[in-house]
There are 2 protein chains.
Amino acid sequence: MSDPAKPATSMRSLERAIDILEVIDSSHHALRLTDVARQAGLPIPTAQRILGVLEARGRVERDANGYRPGVGLVFGAHAYLTTSPLLNAARPVLQDLAAATGLTASLFKRIDWSRVVLARVSGAAPLRYELPIGERLPLHLGAGKALTAQMPEDELVEFLDQLTGHTYADGSAVSRDDFMAELAGIRSLGYSHARGEREPGMASVAAPVPAPGGGATAAVQVTGTSADVPPDRVPELGAELRRAALAISRRIP
Amino acid sequence: MSDPAKPATSMRSLERAIDILEVIDSSHHALRLTDVARQAGLPIPTAQRILGVLEARGRVERDANGYRPGVGLVFGAHAYLTTSPLLNAARPVLQDLAAATGLTASLFKRIDWSRVVLARVSGAAPLRYELPIGERLPLHLGAGKALTAQMPEDELVEFLDQLTGHTYADGSAVSRDDFMAELAGIRSLGYSHARGEREPGMASVAAPVPAPGGGATAAVQVTGTSADVPPDRVPELGAELRRAALAISRRIP
DNA sequence: GAAGGTCTTACCACTGTGTGGAAGGATGGC
DNA sequence: GCCATCCTTCCACACAGTGGTAAGACCTTC
């Protein structure tokens, strides 16, 4: 969250405003002015001035407990979700996937060292309401591996370096060598597979969506309970996911 | 979109950046630099500088066709949706509503002269994928009336003034007197009802969620086809919605 | 392939916006 | 009551942000 050397993009106030937004967006509870200022590394009056504008424009809300994200933020997300070529390409494919497999189909995109849920279609429609869109998940678990496997060499090294200490859901540490070996496997198979890595009792299969310009920053995934995704079904699902990923890629204008 | 007299909040660059974001968010296709600048009422170099920062920070994306909303925007929305007290209060109530009525339950919030979809739980779960969260809908149709009915007098007048020319789905104009009469009815009943106003063949019932500090800026709604919501079922649904609205209101901390 | 258009990038001198220290209120705990 | 903490307001300075102008891409059109 703190960046020591900002290259001075010559738009200080704007950069700072975005810093503040990021601070508020990544906090799970209301923040007092003082906290915002400290976390963003700004003098209090400066933070206050910026927050004032953001509040007036609906980007943050405020009550006795402090500042929190504002409703205005949902417009932007809606705009992104409806106009993104990637998403428009993926939507029908995800529906087919969910219908064909009976599992929950999701689309992820890589952002920095994590991935974001961009769309999700649940197969056996549960009434359980969940809207994980916009949620940030780790890059070294589940569908994240399908993305990691596509990173260029130098980026991969950088990623692995900052990964030390991260673990699986069961608490076991991620071994660098094992991880590398797994990525190699994913590259040759064309899909990734995970059982209980992020959530115990859940399993998933994922494939990278090749970007038009090479590389892959998006991935398709199906998830279900370990019982829904028995090991012997994995190769078949893998093939289906590869097809889906290609279909999405081909549909992007 | 154009505001002649900005009261000079002493944060010009930030305000302008938000103006630009709003321009981009409310366009349904990519905008070229020139268009952004014109629509935001800014000199081209200024717009470019701001867009540069927004792009670097993931708030807008860019390709040969111009600028479009960026992925970064989804984080904010996710943060809002997960931290908003209103939403956390509403979620379980919406689920109950959907389960009890078999209809689609939604939560709206009023923003300026429109309302936004904040949450939706579909009753008879269709595989049809739709994510209307963040969508802006008119205030004079459907659940919008439940919100309009709660406006203070002076605001209502202002609203009606800028409403002239707006119509129903069938093309008929909105008569001011009829509308006022309907609002009065809504106020005494405690719920609103609409048949085919916004979407032909669809019907809905909605109730305002009283805010802790008085007034109502949110509303709960159930929607279905006209057949799902027969006229004789409306009073019963209305009662159910009033209860739901109160339940939400009571759950807000 | 030259000419004429439109859109984008780059430059840079001026000035008014954004800055942040310091002081004054507000609130709350003990 | 007092002290501690957080929020707000004020204001003089300086540098960040501005936007005119001009050069550079990149299209069409003839």
# chains A, B, ... in the order shown; residues from 1 in each chain; ligands from 1
>>> calpha_fit_and_write(fixed="chain A", moving="chain B", output="PDB file with C-alpha atoms, in the first residue's frame")
ATOM      1  CA  MET B   1      -0.060  -0.069   0.085  1.00  0.00           C
ATOM      2  CA  SER B   2       2.911   2.186   0.735  1.00  0.00           C
ATOM      3  CA  ASP B   3       5.076   3.055  -2.225  1.00  0.00           C
ATOM      4  CA  PRO B   4       8.311   4.730  -1.276  1.00  0.00           C
ATOM      5  CA  ALA B   5       9.366   6.128  -4.647  1.00  0.00           C
ATOM      6  CA  LYS B   6       6.466   7.373  -6.745  1.00  0.00           C
ATOM      7  CA  PRO B   7       7.979   8.343 -10.110  1.00  0.00           C
ATOM      8  CA  ALA B   8       6.256  11.732  -9.983  1.00  0.00           C
ATOM      9  CA  THR B   9       3.813  11.432 -12.848  1.00  0.00           C
ATOM     10  CA  SER B  10       3.122  15.129 -12.618  1.00  0.00           C
ATOM     11  CA  MET B  11      -0.424  14.873 -11.321  1.00  0.00           C
ATOM     12  CA  ARG B  12       0.255  14.649  -7.688  1.00  0.00           C
ATOM     13  CA  SER B  13      -3.192  15.472  -6.388  1.00  0.00           C
ATOM     14  CA  LEU B  14      -4.858  12.947  -8.646  1.00  0.00           C
ATOM     15  CA  GLU B  15      -2.427  10.212  -7.748  1.00  0.00           C
ATOM     16  CA  ARG B  16      -2.980  10.939  -4.132  1.00  0.00           C
ATOM     17  CA  ALA B  17      -6.730  10.829  -4.551  1.00  0.00           C
ATOM     18  CA  ILE B  18      -6.426   7.403  -6.125  1.00  0.00           C
ATOM     19  CA  ASP B  19      -4.136   6.314  -3.312  1.00  0.00           C
ATOM     20  CA  ILE B  20      -6.807   7.328  -0.864  1.00  0.00           C
ATOM     21  CA  LEU B  21      -9.473   5.489  -2.805  1.00  0.00           C
ATOM     22  CA  GLU B  22      -7.345   2.383  -2.757  1.00  0.00           C
ATOM     23  CA  VAL B  23      -6.831   2.676   0.955  1.00  0.00           C
ATOM     24  CA  ILE B  24     -10.543   2.956   1.563  1.00  0.00           C
ATOM     25  CA  ASP B  25     -11.471   0.261  -0.920  1.00  0.00           C
ATOM     26  CA  SER B  26      -9.149  -2.253   0.613  1.00  0.00           C
ATOM     27  CA  SER B  27     -10.202  -1.669   4.176  1.00  0.00           C
ATOM     28  CA  HIS B  28     -12.986  -3.865   5.429  1.00  0.00           C
ATOM     29  CA  HIS B  29     -14.409  -1.289   7.781  1.00  0.00           C
ATOM     30  CA  ALA B  30     -14.828   2.445   8.076  1.00  0.00           C
ATOM     31  CA  LEU B  31     -11.634   4.470   8.471  1.00  0.00           C
ATOM     32  CA  ARG B  32     -11.255   7.690  10.415  1.00  0.00           C
ATOM     33  CA  LEU B  33      -9.635  10.661   8.743  1.00  0.00           C
ATOM     34  CA  THR B  34      -6.461  10.148  10.709  1.00  0.00           C
ATOM     35  CA  ASP B  35      -6.175   6.530   9.592  1.00  0.00           C
ATOM     36  CA  VAL B  36      -6.760   7.342   5.967  1.00  0.00           C
ATOM     37  CA  ALA B  37      -4.087  10.007   6.105  1.00  0.00           C
ATOM     38  CA  ARG B  38      -1.584   7.735   7.788  1.00  0.00           C
ATOM     39  CA  GLN B  39      -2.213   4.753   5.540  1.00  0.00           C
ATOM     40  CA  ALA B  40      -1.976   6.872   2.423  1.00  0.00           C
ATOM     41  CA  GLY B  41       1.126   8.593   3.759  1.00  0.00           C
ATOM     42  CA  LEU B  42      -0.366  12.069   3.565  1.00  0.00           C
ATOM     43  CA  PRO B  43      -0.688  15.062   5.876  1.00  0.00           C
ATOM     44  CA  ILE B  44      -4.095  15.194   7.487  1.00  0.00           C
ATOM     45  CA  PRO B  45      -5.340  18.421   5.900  1.00  0.00           C
ATOM     46  CA  THR B  46      -4.434  17.118   2.484  1.00  0.00           C
ATOM     47  CA  ALA B  47      -6.263  13.880   3.008  1.00  0.00           C
ATOM     48  CA  GLN B  48      -9.242  15.757   4.313  1.00  0.00           C
ATOM     49  CA  ARG B  49      -9.446  18.013   1.305  1.00  0.00           C
ATOM     50  CA  ILE B  50      -9.352  15.087  -1.075  1.00  0.00           C
ATOM     51  CA  LEU B  51     -11.876  13.108   0.933  1.00  0.00           C
ATOM     52  CA  GLY B  52     -14.156  16.107   0.854  1.00  0.00           C
ATOM     53  CA  VAL B  53     -14.231  16.077  -2.918  1.00  0.00           C
ATOM     54  CA  LEU B  54     -14.606  12.321  -3.122  1.00  0.00           C
ATOM     55  CA  GLU B  55     -17.487  12.481  -0.691  1.00  0.00           C
ATOM     56  CA  ALA B  56     -19.215  15.259  -2.611  1.00  0.00           C
ATOM     57  CA  ARG B  57     -18.896  13.146  -5.710  1.00  0.00           C
ATOM     58  CA  GLY B  58     -20.263   9.979  -4.118  1.00  0.00           C
ATOM     59  CA  ARG B  59     -16.994   8.077  -4.251  1.00  0.00           C
ATOM     60  CA  VAL B  60     -16.823   7.768  -0.486  1.00  0.00           C
ATOM     61  CA  GLU B  61     -19.444   7.944   2.210  1.00  0.00           C
ATOM     62  CA  ARG B  62     -19.136   9.109   5.690  1.00  0.00           C
ATOM     63  CA  ASP B  63     -20.718   8.647   9.071  1.00  0.00           C
ATOM     64  CA  ALA B  64     -19.742   8.855  12.707  1.00  0.00           C
ATOM     65  CA  ASN B  65     -17.393   5.899  12.322  1.00  0.00           C
ATOM     66  CA  GLY B  66     -15.386   7.364   9.493  1.00  0.00           C
ATOM     67  CA  TYR B  67     -15.073   7.023   5.761  1.00  0.00           C
ATOM     68  CA  ARG B  68     -16.169   4.047   3.687  1.00  0.00           C
ATOM     69  CA  PRO B  69     -16.577   3.325  -0.024  1.00  0.00           C
ATOM     70  CA  GLY B  70     -19.438   5.220  -1.668  1.00  0.00           C
ATOM     71  CA  VAL B  71     -22.273   4.174  -3.969  1.00  0.00           C
ATOM     72  CA  GLY B  72     -20.834   6.131  -6.852  1.00  0.00           C
ATOM     73  CA  LEU B  73     -18.271   3.401  -7.276  1.00  0.00           C
ATOM     74  CA  VAL B  74     -20.809   0.925  -8.609  1.00  0.00           C
ATOM     75  CA  PHE B  75     -21.396   2.907 -11.777  1.00  0.00           C
ATOM     76  CA  GLY B  76     -17.856   2.512 -12.894  1.00  0.00           C
ATOM     77  CA  ALA B  77     -17.892  -1.204 -12.301  1.00  0.00           C
ATOM     78  CA  HIS B  78     -21.148  -1.571 -14.171  1.00  0.00           C
ATOM     79  CA  ALA B  79     -19.718   0.392 -17.043  1.00  0.00           C
ATOM     80  CA  TYR B  80     -16.642  -1.795 -17.135  1.00  0.00           C
ATOM     81  CA  LEU B  81     -18.596  -5.026 -16.899  1.00  0.00           C
ATOM     82  CA  THR B  82     -20.922  -4.090 -19.722  1.00  0.00           C
ATOM     83  CA  THR B  83     -18.402  -2.609 -22.127  1.00  0.00           C
ATOM     84  CA  SER B  84     -15.376  -4.841 -21.685  1.00  0.00           C
ATOM     85  CA  PRO B  85     -14.822  -6.885 -24.834  1.00  0.00           C
ATOM     86  CA  LEU B  86     -13.363  -9.705 -22.772  1.00  0.00           C
ATOM     87  CA  LEU B  87     -16.475  -9.953 -20.652  1.00  0.00           C
ATOM     88  CA  ASN B  88     -18.907  -9.726 -23.490  1.00  0.00           C
ATOM     89  CA  ALA B  89     -17.015 -12.475 -25.197  1.00  0.00           C
ATOM     90  CA  ALA B  90     -16.905 -14.615 -22.092  1.00  0.00           C
ATOM     91  CA  ARG B  91     -20.490 -14.353 -20.876  1.00  0.00           C
ATOM     92  CA  PRO B  92     -22.170 -16.810 -23.257  1.00  0.00           C
ATOM     93  CA  VAL B  93     -19.262 -19.207 -23.028  1.00  0.00           C
ATOM     94  CA  LEU B  94     -19.503 -19.234 -19.245  1.00  0.00           C
ATOM     95  CA  GLN B  95     -23.189 -20.004 -19.470  1.00  0.00           C
ATOM     96  CA  ASP B  96     -22.548 -22.932 -21.759  1.00  0.00           C
ATOM     97  CA  LEU B  97     -19.832 -24.175 -19.463  1.00  0.00           C
ATOM     98  CA  ALA B  98     -22.063 -24.000 -16.413  1.00  0.00           C
ATOM     99  CA  ALA B  99     -24.906 -25.691 -18.247  1.00  0.00           C
ATOM    100  CA  ALA B 100     -22.719 -28.432 -19.701  1.00  0.00           C
ATOM    101  CA  THR B 101     -20.806 -29.281 -16.537  1.00  0.00           C
ATOM    102  CA  GLY B 102     -23.334 -28.417 -13.843  1.00  0.00           C
ATOM    103  CA  LEU B 103     -20.515 -26.625 -12.045  1.00  0.00           C
ATOM    104  CA  THR B 104     -19.960 -22.967 -11.307  1.00  0.00           C
ATOM    105  CA  ALA B 105     -18.092 -21.232 -14.110  1.00  0.00           C
ATOM    106  CA  SER B 106     -15.969 -18.159 -13.449  1.00  0.00           C
ATOM    107  CA  LEU B 107     -13.802 -15.730 -15.315  1.00  0.00           C
ATOM    108  CA  PHE B 108     -10.699 -14.198 -13.747  1.00  0.00           C
ATOM    109  CA  LYS B 109      -8.325 -11.528 -14.804  1.00  0.00           C
ATOM    110  CA  ARG B 110      -4.873 -10.989 -13.492  1.00  0.00           C
ATOM    111  CA  ILE B 111      -4.179  -7.680 -11.789  1.00  0.00           C
ATOM    112  CA  ASP B 112      -0.752  -7.058 -10.340  1.00  0.00           C
ATOM    113  CA  TRP B 113       0.018 -10.053  -8.159  1.00  0.00           C
ATOM    114  CA  SER B 114      -3.534 -11.184  -7.730  1.00  0.00           C
ATOM    115  CA  ARG B 115      -6.575 -12.102  -9.765  1.00  0.00           C
ATOM    116  CA  VAL B 116     -10.062 -10.633  -9.794  1.00  0.00           C
ATOM    117  CA  VAL B 117     -13.363 -12.394 -10.239  1.00  0.00           C
ATOM    118  CA  LEU B 118     -15.011 -10.746 -13.236  1.00  0.00           C
ATOM    119  CA  ALA B 119     -17.980 -13.014 -13.847  1.00  0.00           C
ATOM    120  CA  ARG B 120     -19.559 -16.080 -12.368  1.00  0.00           C
ATOM    121  CA  VAL B 121     -22.404 -18.337 -13.465  1.00  0.00           C
ATOM    122  CA  SER B 122     -23.527 -20.984 -11.025  1.00  0.00           C
ATOM    123  CA  GLY B 123     -24.485 -24.311 -12.530  1.00  0.00           C
ATOM    124  CA  ALA B 124     -26.855 -25.981 -10.105  1.00  0.00           C
ATOM    125  CA  ALA B 125     -28.349 -22.648  -9.131  1.00  0.00           C
ATOM    126  CA  PRO B 126     -28.346 -22.314  -5.371  1.00  0.00           C
ATOM    127  CA  LEU B 127     -30.458 -19.682  -3.720  1.00  0.00           C
ATOM    128  CA  ARG B 128     -27.402 -18.838  -1.719  1.00  0.00           C
ATOM    129  CA  TYR B 129     -26.666 -15.299  -2.694  1.00  0.00           C
ATOM    130  CA  GLU B 130     -23.125 -14.365  -3.408  1.00  0.00           C
ATOM    131  CA  LEU B 131     -21.616 -11.642  -5.442  1.00  0.00           C
ATOM    132  CA  PRO B 132     -17.906 -12.141  -5.466  1.00  0.00           C
ATOM    133  CA  ILE B 133     -17.379 -10.015  -8.524  1.00  0.00           C
ATOM    134  CA  GLY B 134     -14.505  -7.694  -7.873  1.00  0.00           C
ATOM    135  CA  GLU B 135     -13.089  -9.949  -5.199  1.00  0.00           C
ATOM    136  CA  ARG B 136      -9.314 -10.290  -5.200  1.00  0.00           C
ATOM    137  CA  LEU B 137      -7.879 -13.760  -4.891  1.00  0.00           C
ATOM    138  CA  PRO B 138      -4.303 -15.038  -4.754  1.00  0.00           C
ATOM    139  CA  LEU B 139      -2.389 -15.885  -7.899  1.00  0.00           C
ATOM    140  CA  HIS B 140      -0.719 -19.005  -6.601  1.00  0.00           C
ATOM    141  CA  LEU B 141      -3.875 -20.995  -5.851  1.00  0.00           C
ATOM    142  CA  GLY B 142      -6.553 -22.567  -8.009  1.00  0.00           C
ATOM    143  CA  ALA B 143      -7.148 -20.779 -11.282  1.00  0.00           C
ATOM    144  CA  GLY B 144      -4.328 -18.431 -10.332  1.00  0.00           C
ATOM    145  CA  LYS B 145      -1.885 -21.140 -11.368  1.00  0.00           C
ATOM    146  CA  ALA B 146      -3.280 -21.149 -14.908  1.00  0.00           C
ATOM    147  CA  LEU B 147      -2.379 -17.473 -15.046  1.00  0.00           C
ATOM    148  CA  THR B 148       0.969 -17.801 -13.345  1.00  0.00           C
ATOM    149  CA  ALA B 149       1.956 -20.527 -15.786  1.00  0.00           C
ATOM    150  CA  GLN B 150       1.669 -18.019 -18.626  1.00  0.00           C
ATOM    151  CA  MET B 151       3.867 -15.337 -17.094  1.00  0.00           C
ATOM    152  CA  PRO B 152       7.067 -14.394 -18.896  1.00  0.00           C
ATOM    153  CA  GLU B 153      10.155 -15.736 -17.152  1.00  0.00           C
ATOM    154  CA  ASP B 154      11.351 -12.523 -15.518  1.00  0.00           C
ATOM    155  CA  GLU B 155       7.921 -11.678 -14.184  1.00  0.00           C
ATOM    156  CA  LEU B 156       7.571 -15.171 -12.779  1.00  0.00           C
ATOM    157  CA  VAL B 157      10.800 -14.805 -10.838  1.00  0.00           C
ATOM    158  CA  GLU B 158       9.615 -11.529  -9.408  1.00  0.00           C
ATOM    159  CA  PHE B 159       6.327 -13.119  -8.450  1.00  0.00           C
ATOM    160  CA  LEU B 160       7.952 -16.067  -6.722  1.00  0.00           C
ATOM    161  CA  ASP B 161      10.204 -13.756  -4.761  1.00  0.00           C
ATOM    162  CA  GLN B 162       7.326 -11.938  -3.144  1.00  0.00           C
ATOM    163  CA  LEU B 163       5.458 -15.165  -2.593  1.00  0.00           C
ATOM    164  CA  THR B 164       7.587 -16.524   0.238  1.00  0.00           C
ATOM    165  CA  GLY B 165       5.519 -17.187   3.291  1.00  0.00           C
ATOM    166  CA  HIS B 166       2.266 -17.731   1.431  1.00  0.00           C
ATOM    167  CA  THR B 167       0.512 -20.994   2.153  1.00  0.00           C
ATOM    168  CA  TYR B 168      -2.251 -23.336   1.108  1.00  0.00           C
ATOM    169  CA  ALA B 169      -5.588 -23.563   2.881  1.00  0.00           C
ATOM    170  CA  ASP B 170      -4.305 -26.399   5.070  1.00  0.00           C
ATOM    171  CA  GLY B 171      -1.442 -24.226   6.328  1.00  0.00           C
ATOM    172  CA  SER B 172       1.352 -25.990   4.455  1.00  0.00           C
ATOM    173  CA  ALA B 173       3.897 -23.721   2.808  1.00  0.00           C
ATOM    174  CA  VAL B 174       4.280 -23.288  -0.925  1.00  0.00           C
ATOM    175  CA  SER B 175       7.557 -24.829  -2.069  1.00  0.00           C
ATOM    176  CA  ARG B 176       9.205 -22.968  -4.885  1.00  0.00           C
ATOM    177  CA  ASP B 177      10.465 -26.037  -6.694  1.00  0.00           C
ATOM    178  CA  ASP B 178       7.206 -27.940  -6.438  1.00  0.00           C
ATOM    179  CA  PHE B 179       5.371 -24.893  -7.642  1.00  0.00           C
ATOM    180  CA  MET B 180       7.626 -24.456 -10.657  1.00  0.00           C
ATOM    181  CA  ALA B 181       7.215 -28.125 -11.507  1.00  0.00           C
ATOM    182  CA  GLU B 182       3.454 -27.795 -11.309  1.00  0.00           C
ATOM    183  CA  LEU B 183       3.511 -24.776 -13.591  1.00  0.00           C
ATOM    184  CA  ALA B 184       5.465 -26.748 -16.152  1.00  0.00           C
ATOM    185  CA  GLY B 185       2.831 -29.464 -15.970  1.00  0.00           C
ATOM    186  CA  ILE B 186       0.089 -26.892 -16.459  1.00  0.00           C
ATOM    187  CA  ARG B 187       1.838 -25.454 -19.488  1.00  0.00           C
ATOM    188  CA  SER B 188       2.067 -28.841 -21.183  1.00  0.00           C
ATOM    189  CA  LEU B 189      -1.471 -29.927 -20.295  1.00  0.00           C
ATOM    190  CA  GLY B 190      -3.052 -26.588 -21.050  1.00  0.00           C
ATOM    191  CA  TYR B 191      -5.124 -26.512 -17.895  1.00  0.00           C
ATOM    192  CA  SER B 192      -4.650 -26.340 -14.125  1.00  0.00           C
ATOM    193  CA  HIS B 193      -6.271 -28.305 -11.378  1.00  0.00           C
ATOM    194  CA  ALA B 194      -6.619 -27.707  -7.660  1.00  0.00           C
ATOM    195  CA  ARG B 195      -8.159 -29.628  -4.794  1.00  0.00           C
ATOM    196  CA  GLY B 196      -8.795 -27.858  -1.515  1.00  0.00           C
ATOM    197  CA  GLU B 197      -6.024 -25.327  -2.083  1.00  0.00           C
ATOM    198  CA  ARG B 198      -7.947 -22.209  -1.288  1.00  0.00           C
ATOM    199  CA  GLU B 199     -11.115 -23.651   0.233  1.00  0.00           C
ATOM    200  CA  PRO B 200     -11.066 -27.050   1.867  1.00  0.00           C
ATOM    201  CA  GLY B 201     -13.528 -29.434   0.248  1.00  0.00           C
ATOM    202  CA  MET B 202     -13.636 -27.542  -3.037  1.00  0.00           C
ATOM    203  CA  ALA B 203     -11.963 -28.438  -6.315  1.00  0.00           C
ATOM    204  CA  SER B 204     -11.478 -26.589  -9.560  1.00  0.00           C
ATOM    205  CA  VAL B 205     -10.103 -26.830 -13.058  1.00  0.00           C
ATOM    206  CA  ALA B 206      -9.008 -23.789 -15.038  1.00  0.00           C
ATOM    207  CA  ALA B 207      -7.534 -22.804 -18.381  1.00  0.00           C
ATOM    208  CA  PRO B 208      -5.837 -19.587 -19.495  1.00  0.00           C
ATOM    209  CA  VAL B 209      -7.562 -17.409 -22.076  1.00  0.00           C
ATOM    210  CA  PRO B 210      -4.925 -16.441 -24.630  1.00  0.00           C
ATOM    211  CA  ALA B 211      -4.913 -12.713 -25.280  1.00  0.00           C
ATOM    212  CA  PRO B 212      -5.018 -11.568 -28.898  1.00  0.00           C
ATOM    213  CA  GLY B 213      -1.577 -10.010 -28.542  1.00  0.00           C
ATOM    214  CA  GLY B 214      -0.051 -13.126 -26.957  1.00  0.00           C
ATOM    215  CA  GLY B 215       0.264 -13.963 -23.283  1.00  0.00           C
ATOM    216  CA  ALA B 216      -2.716 -14.587 -21.042  1.00  0.00           C
ATOM    217  CA  THR B 217      -4.123 -12.342 -18.384  1.00  0.00           C
ATOM    218  CA  ALA B 218      -7.500 -14.022 -18.077  1.00  0.00           C
ATOM    219  CA  ALA B 219      -8.591 -17.505 -17.106  1.00  0.00           C
ATOM    220  CA  VAL B 220     -11.803 -19.557 -17.136  1.00  0.00           C
ATOM    221  CA  GLN B 221     -12.579 -21.910 -14.321  1.00  0.00           C
ATOM    222  CA  VAL B 222     -15.154 -24.392 -13.114  1.00  0.00           C
ATOM    223  CA  THR B 223     -15.556 -25.049  -9.402  1.00  0.00           C
ATOM    224  CA  GLY B 224     -17.469 -27.513  -7.298  1.00  0.00           C
ATOM    225  CA  THR B 225     -17.149 -29.665  -4.235  1.00  0.00           C
ATOM    226  CA  SER B 226     -14.481 -32.357  -4.339  1.00  0.00           C
ATOM    227  CA  ALA B 227     -17.280 -34.834  -4.981  1.00  0.00           C
ATOM    228  CA  ASP B 228     -18.560 -32.829  -7.950  1.00  0.00           C
ATOM    229  CA  VAL B 229     -15.102 -32.879  -9.485  1.00  0.00           C
ATOM    230  CA  PRO B 230     -13.762 -36.411  -9.057  1.00  0.00           C
ATOM    231  CA  PRO B 231     -10.157 -36.913 -10.175  1.00  0.00           C
ATOM    232  CA  ASP B 232     -11.142 -39.064 -13.149  1.00  0.00           C
ATOM    233  CA  ARG B 233     -13.335 -36.297 -14.490  1.00  0.00           C
ATOM    234  CA  VAL B 234     -10.526 -33.772 -14.501  1.00  0.00           C
ATOM    235  CA  PRO B 235      -9.016 -34.526 -17.933  1.00  0.00           C
ATOM    236  CA  GLU B 236     -12.416 -34.265 -19.559  1.00  0.00           C
ATOM    237  CA  LEU B 237     -13.101 -30.986 -17.784  1.00  0.00           C
ATOM    238  CA  GLY B 238      -9.646 -29.767 -18.719  1.00  0.00           C
ATOM    239  CA  ALA B 239     -10.400 -30.350 -22.383  1.00  0.00           C
ATOM    240  CA  GLU B 240     -13.719 -28.598 -22.062  1.00  0.00           C
ATOM    241  CA  LEU B 241     -12.074 -25.621 -20.404  1.00  0.00           C
ATOM    242  CA  ARG B 242      -9.407 -25.352 -23.069  1.00  0.00           C
ATOM    243  CA  ARG B 243     -12.135 -25.258 -25.645  1.00  0.00           C
ATOM    244  CA  ALA B 244     -14.025 -22.624 -23.687  1.00  0.00           C
ATOM    245  CA  ALA B 245     -10.905 -20.515 -23.268  1.00  0.00           C
ATOM    246  CA  LEU B 246     -10.234 -20.623 -26.978  1.00  0.00           C
ATOM    247  CA  ALA B 247     -13.839 -19.809 -27.753  1.00  0.00           C
ATOM    248  CA  ILE B 248     -13.639 -16.722 -25.560  1.00  0.00           C
ATOM    249  CA  SER B 249     -10.362 -15.676 -27.089  1.00  0.00           C
ATOM    250  CA  ARG B 250     -11.782 -16.070 -30.578  1.00  0.00           C
ATOM    251  CA  ARG B 251     -14.843 -14.002 -29.720  1.00  0.00           C
ATOM    252  CA  ILE B 252     -12.857 -11.012 -28.506  1.00  0.00           C
ATOM    253  CA  PRO B 253     -12.923  -8.307 -31.185  1.00  0.00           C
TER     254      PRO B 253
END
>>> residues_around(residues="segment 3-9 of chain D", least_positions_apart="2", cutoff="8 Å", atoms="only C-alpha atoms (C1' of nucleotides)", output="ChimeraX atom specification")
/A:34 /C:24-26
>>> interface_residues(of="chain C", to="chain A", cutoff="8 Å", atoms="only C-alpha atoms (C1' of nucleotides)", output="count of residues only")
3
>>> interface_residues(of="chain D", to="chain B", cutoff="12 Å", atoms="only C-alpha atoms (C1' of nucleotides)", output="list of chain:residue names")
D:DA16, D:DG17, D:DT18, D:DG19, D:DG20, D:DT21, D:DC26
>>> write_last_selection(atoms="C-alpha atoms (C1' of nucleotides)", output="short mmCIF file (atom, residue, chain, number, x, y, z; two decimals), in the first residue's frame")
data_model
loop_
_atom_site.label_atom_id
_atom_site.label_comp_id
_atom_site.auth_asym_id
_atom_site.auth_seq_id
_atom_site.Cartn_x
_atom_site.Cartn_y
_atom_site.Cartn_z
"C1'" DA D 16 1.80 21.54 -9.68
"C1'" DG D 17 -1.44 21.98 -13.10
"C1'" DT D 18 -2.71 24.54 -17.04
"C1'" DG D 19 -3.63 25.20 -21.97
"C1'" DG D 20 -1.98 27.86 -25.95
"C1'" DT D 21 0.84 26.60 -29.73
"C1'" DC D 26 -2.42 8.42 -39.10
#
>>> residues_around(residues="DA3 of chain C", least_positions_apart="2", cutoff="12 Å", atoms="only C-alpha atoms (C1' of nucleotides)", output="ChimeraX atom specification")
/C:1,5 /D:28-30
>>> residues_around(residues="DT9 of chain C", least_positions_apart="5", cutoff="9 Å", atoms="only C-alpha atoms (C1' of nucleotides)", output="PyMOL selection string")
(chain B and resi 45) or (chain D and resi 23-25)
>>> atom_distance(atom1="atom C1' of DC13 of chain D", atom2="atom C1' of DA23 of chain C")
18.1 Å
>>> select_by_dssp(residues="segment 9-253 of chain B", states="strand (DSSP E or B)", output="VMD selection string")
chain B and resid 31 60 to 63 66 to 69 104 to 111 114 to 121 136 to 138 167 173 192 to 195 202 to 209 218 to 225
